[in-house]
Amino acid sequence: MTLELTCLLPLSSAPQLLPGADTTETRRHAELCLLDRIGSWELNTEQHYRVTCYISWSPCYDCARELAAFLGANSHLSLRVFASRIHTLHGYKTGLRQLQAAGAQIDIMAYKEFEYCWETFVDHQGAAFPSWDDLDKHSEDLSKELKGILQNQEN
């Protein structure tokens with residue numbers, strides 16, 4: 001049996017969820033705060049856990065490397081990352097490939113994931129998800145780009 005753990009990785013908008021995430025005090029990326037948080041959960045290593053994260057940007061090279069190392073040391077965890085955009089600073093493609101090689105599933109958020117985040121994590125007070133023009137096309141284009149990166153194809 002696998003237990004599902006779902007989280008939204010905030011930047012500074014909701015520091016109560018993951019303290020230290022991109023605040024002026026520590027300037028840590030949300031992924032590293034997530035690793036701290038998972039460590040504090042004291043999860044049973046005899047149980048399998050699937051952690052699904054929703055994040056604005058795909059992990060940078062350093063965070064992807066840290067996540068990959070964490071997965072390698074914690075075989076009782078699997079990770080699925082939904083990102084709304086692809087981080088494009090130095091080494092990002094290598095980092096994403098390393099993270100995938102460590103067993104993580106990396107995907108681009110589509111309408112379904114954006115709506116899920118809206119319904120689950122936002123105090124929307126009953127308002128419908130405010131989609132935007134070309135969301136589906138934008139998500140499709142980014143998904144193709146990510147697929148090319150993960151298959152080690154240059155754009």
# chains A, B, ... in the order shown; residues from 1 in each chain; ligands from 1

call {"tool": "residues_around", "arguments": {"residues": "Asp107 in chain A", "least_positions_apart": "3", "cutoff": "7 Å", "atoms": "only C-alpha atoms", "output": "PyMOL selection string"}}
result
chain A and resi 81-83+143

call {"tool": "write_last_selection", "arguments": {"atoms": "N, CA and C atoms", "output": "JSON list (two decimals), in the first residue's frame"}}
result
[["chain", "number", "residue", "atom", "x", "y", "z"],
["A", 81, "VAL", "N", 6.73, 15.65, -9.40],
["A", 81, "VAL", "CA", 6.80, 17.11, -9.39],
["A", 81, "VAL", "C", 5.99, 17.64, -10.56],
["A", 82, "PHE", "N", 5.06, 18.53, -10.28],
["A", 82, "PHE", "CA", 4.35, 19.27, -11.31],
["A", 82, "PHE", "C", 4.84, 20.71, -11.24],
["A", 83, "ALA", "N", 5.40, 21.21, -12.33],
["A", 83, "ALA", "CA", 5.89, 22.59, -12.40],
["A", 83, "ALA", "C", 5.07, 23.36, -13.42],
["A", 143, "SER", "N", 5.34, 21.05, -22.00],
["A", 143, "SER", "CA", 5.44, 19.60, -21.84],
["A", 143, "SER", "C", 6.33, 18.99, -22.91]]

call {"tool": "residues_around", "arguments": {"residues": "range 51-62 of chain A", "least_positions_apart": "3", "cutoff": "10 Å", "atoms": "only C-alpha atoms", "output": "ChimeraX atom specification"}}
result
/A:3-11,29-32,34,38,48,65-68,77-99,104-109,113-114,116-117,146

call {"tool": "select_by_dssp", "arguments": {"residues": "range 46-108 of chain A", "states": "helix (DSSP H, G or I)", "output": "PyMOL selection string"}}
result
chain A and resi 61-73+92-101

call {"tool": "select_by_dssp", "arguments": {"residues": "range 4-148 of chain A", "states": "strand (DSSP E or B)", "output": "JSON, numbers by chain"}}
result
{"A": [4, 5, 6, 7, 8, 21, 28, 48, 49, 50, 51, 52, 53, 54, 55, 56, 57, 77, 78, 79, 80, 81, 82, 83, 84, 85, 105, 106, 107, 108]}

call {"tool": "atom_distance", "arguments": {"atom1": "CA of Leu35 in chain A", "atom2": "CA of Leu150 in chain A"}}
result
22.7 Å

call {"tool": "closest_residue", "arguments": {"among": "A:Leu43, A:Ile149, A:Cys63, A:Ala73", "to": "Ala102 in chain A", "atoms": "only C-alpha atoms"}}
result
A:Ala73

call {"tool": "atom_distance", "arguments": {"atom1": "CA of Tyr111 in chain A", "atom2": "CA of Leu135 in chain A"}}
result
6.9 Å

call {"tool": "atom_distance", "arguments": {"atom1": "CA of Lys144 in chain A", "atom2": "CA of Glu119 in chain A"}}
result
26.3 Å
